[in-house]
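Enquirer: Sharing protein.cif below, mmCIF, C-alpha atoms:
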```cif
data_entry
#
loop_
_atom_site.label_atom_id
_atom_site.label_comp_id
_atom_site.auth_asym_id
_atom_site.auth_seq_id
_atom_site.Cartn_x
_atom_site.Cartn_y
_atom_site.Cartn_z
CA MET P 1 0.00 0.00 0.00
CA ALA P 2 1.38 3.43 -0.94
CA SER P 3 0.43 5.15 2.32
CA SER P 4 2.37 2.66 4.47
CA SER P 5 5.53 2.94 2.33
CA ILE P 6 5.31 6.75 2.40
CA ALA P 7 4.83 6.61 6.15
CA THR P 8 7.83 4.32 6.59
CA ASP P 9 10.07 6.35 4.27
CA ARG P 10 9.15 9.68 5.87
CA ARG P 11 8.52 8.47 9.43
CA TYR P 12 4.89 9.55 9.53
CA LYS P 13 2.07 7.52 11.02
CA ALA P 14 0.43 5.33 8.37
CA THR P 15 -3.02 6.43 9.57
CA ASP P 16 -2.07 10.11 9.07
CA VAL P 17 -0.78 9.45 5.55
CA ALA P 18 -3.93 7.47 4.66
CA LYS P 19 -6.06 10.34 5.97
CA TRP P 20 -4.09 12.88 3.88
CA ILE P 21 -4.44 10.78 0.73
CA THR P 22 -8.19 10.39 1.32
CA GLN P 23 -8.48 14.17 1.75
CA MET P 24 -6.55 14.74 -1.51
CA TYR P 25 -8.98 12.47 -3.39
CA GLU P 26 -11.98 14.28 -1.88
CA ASP P 27 -10.47 17.67 -2.81
CA ILE P 28 -9.98 16.52 -6.41
CA TYR P 29 -13.60 15.28 -6.58
CA ASP P 30 -14.86 18.57 -5.11
CA LEU P 31 -12.76 20.60 -7.54
CA ASN P 32 -13.98 18.51 -10.48
CA ASP P 33 -17.56 19.10 -9.34
CA THR P 34 -17.25 22.88 -8.86
CA GLU P 35 -14.69 23.71 -11.57
CA PRO P 36 -14.82 20.99 -14.24
CA GLU P 37 -13.20 23.33 -16.80
CA LEU P 38 -9.92 22.93 -14.89
CA PHE P 39 -9.92 19.32 -16.11
CA ARG P 40 -10.48 20.27 -19.75
CA ALA P 41 -8.43 18.43 -22.35
CA PRO P 42 -8.88 18.12 -26.12
CA GLY P 43 -12.11 16.32 -26.94
CA ILE P 44 -15.77 16.27 -25.94
CA ARG P 45 -17.02 16.90 -22.43
CA HIS P 46 -18.29 13.72 -20.77
CA ASP P 47 -20.19 13.86 -17.48
CA ILE P 48 -19.76 10.36 -16.11
CA TYR P 49 -21.72 8.71 -13.32
CA PHE P 50 -19.62 5.82 -12.02
CA ARG P 51 -21.34 3.14 -9.96
CA SER P 52 -19.94 -0.03 -8.47
CA TYR P 53 -22.28 -1.78 -6.06
CA ASP P 54 -23.00 0.79 -3.31
CA ASN P 55 -20.18 3.17 -4.33
CA ARG P 56 -20.94 6.13 -6.59
CA ILE P 57 -18.82 8.94 -8.01
CA PHE P 58 -19.65 11.66 -10.52
CA PHE P 59 -16.69 12.91 -12.57
CA THR P 60 -16.37 15.20 -15.58
CA MET P 61 -13.64 14.66 -18.16
CA TRP P 62 -13.00 15.37 -21.81
CA LEU P 63 -12.58 12.38 -24.10
CA GLN P 64 -11.55 12.19 -27.74
CA GLN P 65 -14.21 9.57 -28.41
CA THR P 66 -17.35 8.39 -26.63
CA PRO P 67 -17.18 4.74 -25.63
CA ASP P 68 -20.01 2.64 -27.09
CA LEU P 69 -22.74 0.94 -25.11
CA TYR P 70 -21.38 -2.12 -23.26
CA HIS P 71 -17.77 -1.20 -24.04
CA ARG P 72 -15.33 -1.52 -21.18
CA PHE P 73 -12.74 1.02 -20.10
CA GLN P 74 -10.39 1.60 -17.20
CA PHE P 75 -10.01 4.68 -15.00
CA ASN P 76 -7.32 3.83 -12.46
CA PHE P 77 -7.83 7.00 -10.41
CA LEU P 78 -11.17 5.72 -9.11
CA ARG P 79 -9.95 2.38 -7.73
CA ALA P 80 -9.48 3.76 -4.21
CA SER P 81 -12.92 5.38 -4.12
CA VAL P 82 -15.20 2.84 -5.78
CA GLY P 83 -13.20 -0.37 -5.39
CA THR P 84 -12.53 -0.98 -9.08
CA ASP P 85 -10.92 0.70 -12.06
CA SER P 86 -12.76 -1.32 -14.70
CA PHE P 87 -16.15 -0.12 -15.95
CA TRP P 88 -18.61 -0.78 -18.76
CA VAL P 89 -20.96 1.72 -20.39
CA LYS P 90 -24.55 1.18 -19.28
CA ASP P 91 -26.22 4.27 -20.77
CA ILE P 92 -25.30 7.15 -23.10
CA THR P 93 -27.14 10.48 -23.35
CA HIS P 94 -26.17 13.23 -25.79
CA LYS P 95 -27.02 16.80 -24.71
CA PHE P 96 -26.85 20.34 -25.96
CA ASP P 97 -26.43 22.63 -22.96
CA GLY P 98 -25.96 26.37 -23.38
CA GLY P 99 -24.70 25.92 -26.92
CA GLU P 100 -22.22 23.25 -25.82
CA TYR P 101 -22.44 19.63 -26.85
CA ARG P 102 -21.77 17.16 -24.06
CA VAL P 103 -22.25 13.49 -23.37
CA SER P 104 -23.51 11.91 -20.16
CA LEU P 105 -22.45 8.36 -19.43
CA SER P 106 -23.72 5.99 -16.81
CA VAL P 107 -21.11 3.32 -16.21
CA SER P 108 -20.96 0.29 -13.97
CA GLY P 109 -18.12 -1.43 -12.18
CA GLU P 110 -20.19 -4.55 -11.70
CA GLU P 111 -19.85 -7.60 -13.92
CA LEU P 112 -21.40 -7.17 -17.36
CA ASN P 113 -24.11 -9.68 -18.29
CA LYS P 114 -25.73 -8.65 -21.59
CA TYR P 115 -28.48 -11.24 -21.20
CA ARG P 116 -29.42 -9.72 -17.82
CA GLU P 117 -29.44 -6.26 -19.39
CA LEU P 118 -31.85 -7.46 -22.11
CA MET P 119 -34.09 -9.02 -19.46
CA LEU P 120 -33.95 -5.75 -17.53
CA ASP P 121 -35.05 -3.78 -20.61
CA LYS P 122 -37.91 -6.25 -21.13
CA ALA P 123 -38.98 -5.91 -17.48
CA LEU P 124 -38.96 -2.11 -17.78
CA PHE P 125 -40.99 -2.31 -20.99
CA ASN P 126 -43.52 -4.70 -19.44
CA GLY P 127 -43.83 -2.60 -16.28
CA LEU P 128 -42.49 -5.28 -13.93
CA ILE P 129 -39.98 -2.76 -12.57
CA ASP P 130 -39.53 0.96 -13.00
CA LEU P 131 -36.61 3.38 -13.01
CA ILE P 132 -37.08 4.11 -9.31
CA ASP P 133 -36.49 0.39 -8.61
CA LEU P 134 -33.21 0.54 -10.51
CA HIS P 135 -31.94 3.36 -8.29
CA HIS P 136 -33.26 2.16 -4.94
CA LYS P 137 -32.98 -1.60 -5.08
CA HIS P 138 -29.83 -3.68 -4.89
CA PRO P 139 -28.89 -5.71 -7.98
CA PHE P 140 -29.74 -8.97 -6.19
CA GLU P 141 -33.28 -7.65 -5.54
CA ILE P 142 -33.71 -6.77 -9.21
CA ASP P 143 -32.31 -10.18 -10.18
CA LYS P 144 -34.91 -11.89 -7.97
CA ILE P 145 -37.72 -10.01 -9.76
CA LEU P 146 -36.25 -10.94 -13.15
CA TRP P 147 -35.76 -14.57 -12.16
CA GLU P 148 -39.31 -14.94 -10.81
CA SER P 149 -40.85 -13.22 -13.85
CA TYR P 150 -38.93 -14.93 -16.65
CA ARG P 151 -37.91 -18.37 -15.43
CA GLY P 152 -39.99 -20.05 -18.06
#
```
Could you show the structure in this file as structure tokens?
Expert:
Amino acid sequence: MASSSIATDRRYKATDVAKWITQMYEDIYDLNDTEPELFRAPGIRHDIYFRSYDNRIFFTMWLQQTPDLYHRFQFNFLRASVGTDSFWVKDITHKFDGGEYRVSLSVSGEELNKYRELMLDKALFNGLIDLIDLHHKHPFEIDKILWESYRG
């Protein structure tokens, strides 16, 4: 772990170093939220909602190309905050906001199962679940509804 090696090398307490690193991450997230233009790079603005189980982070970045639906990508910076650096694209929304084109992505750090995603779309279409369920229920609760509704 980086904090323990820094603590050993510099003779700081490991708990203090871990606390400082956590605060640095939080400051970067806050800065990205309040001043996303500071993170501008060549490309198109992407407002990305990262979710991995119960962990969620919103981050704005500029990308040269929008990843396609179900494509996977890595963002190593988030590993400490959400527990993974590997995500897949769950939803893409294109927006025009104040004359600026931007893309909103919803991405997941959970395991991708395309068959489950198709069943989920069918359940939404048939009214077995709604969007509120997707945001308030755990994946295992949604899976139980899908299993009971479509088990043949």
Enquirer: Using only C-alpha atoms, pick whichever of P:Tyr53, P:Leu78, P:Ile92, P:Leu105 has the shortest atom-to-atom distance to His135 (chain P).
Expert: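 The shortest atom-to-atom distance to His135 (chain P) comes from P:Tyr53.
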Enquirer: In Å, with one decimal, what is the gap from CA of Asp85 (chain P) to CA of Trp62 (chain P)?
Expert: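 The value is 17.7 Å.
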Enquirer: Give me the residues within 10 Å of region 38-44 of chain P as number ranges by chain, counting all atoms listed in the file and dropping any in the same chain fewer than 3 places off.
Expert: P: 31-32, 34-35, 47, 59-66, 100-103
Enquirer: What does the distance from CA of Phe50 (chain P) to CA of Ile142 (chain P) come to in Å, to one decimal?
Expert: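 Rounded to one decimal, the two atoms are 19.1 Å apart.
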Enquirer: Expanded to explicit residues, what is the PyMOL selection byres ((chain P and resi 77) around 12) for this file, as an MDAnalysis selection string?
Expert: chainID P and resid 24:26 28:29 50 57 59 74:76 78:86
Enquirer: Skip Ile129 (chain P) itself and residues of its chain fewer than 3 positions away, then list as a PyMOL selection string all residues within 12 Å of it, counting all atoms listed in the file.
Expert: chain P and resi 119-126+132-137+141-146+149
Enquirer: Dump C-alpha atoms for the selected residues as a PDB file, in the coordinates of the input?
Expert:
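Written output follows (selection.pdb):
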```
ATOM      1  CA  MET P 119     -34.090  -9.020 -19.460  1.00  0.00           C
ATOM      2  CA  LEU P 120     -33.950  -5.750 -17.530  1.00  0.00           C
ATOM      3  CA  ASP P 121     -35.050  -3.780 -20.610  1.00  0.00           C
ATOM      4  CA  LYS P 122     -37.910  -6.250 -21.130  1.00  0.00           C
ATOM      5  CA  ALA P 123     -38.980  -5.910 -17.480  1.00  0.00           C
ATOM      6  CA  LEU P 124     -38.960  -2.110 -17.780  1.00  0.00           C
ATOM      7  CA  PHE P 125     -40.990  -2.310 -20.990  1.00  0.00           C
ATOM      8  CA  ASN P 126     -43.520  -4.700 -19.440  1.00  0.00           C
ATOM      9  CA  ILE P 132     -37.080   4.110  -9.310  1.00  0.00           C
ATOM     10  CA  ASP P 133     -36.490   0.390  -8.610  1.00  0.00           C
ATOM     11  CA  LEU P 134     -33.210   0.540 -10.510  1.00  0.00           C
ATOM     12  CA  HIS P 135     -31.940   3.360  -8.290  1.00  0.00           C
ATOM     13  CA  HIS P 136     -33.260   2.160  -4.940  1.00  0.00           C
ATOM     14  CA  LYS P 137     -32.980  -1.600  -5.080  1.00  0.00           C
ATOM     15  CA  GLU P 141     -33.280  -7.650  -5.540  1.00  0.00           C
ATOM     16  CA  ILE P 142     -33.710  -6.770  -9.210  1.00  0.00           C
ATOM     17  CA  ASP P 143     -32.310 -10.180 -10.180  1.00  0.00           C
ATOM     18  CA  LYS P 144     -34.910 -11.890  -7.970  1.00  0.00           C
ATOM     19  CA  ILE P 145     -37.720 -10.010  -9.760  1.00  0.00           C
ATOM     20  CA  LEU P 146     -36.250 -10.940 -13.150  1.00  0.00           C
ATOM     21  CA  SER P 149     -40.850 -13.220 -13.850  1.00  0.00           C
TER      22      SER P 149
END
```
Enquirer: Take CA of Leu131 (chain P) and CA of Asp68 (chain P) and report the distance between them in Å, one decimal.
Expert: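 Between CA of Leu131 (chain P) and CA of Asp68 (chain P) the gap works out to 21.8 Å.
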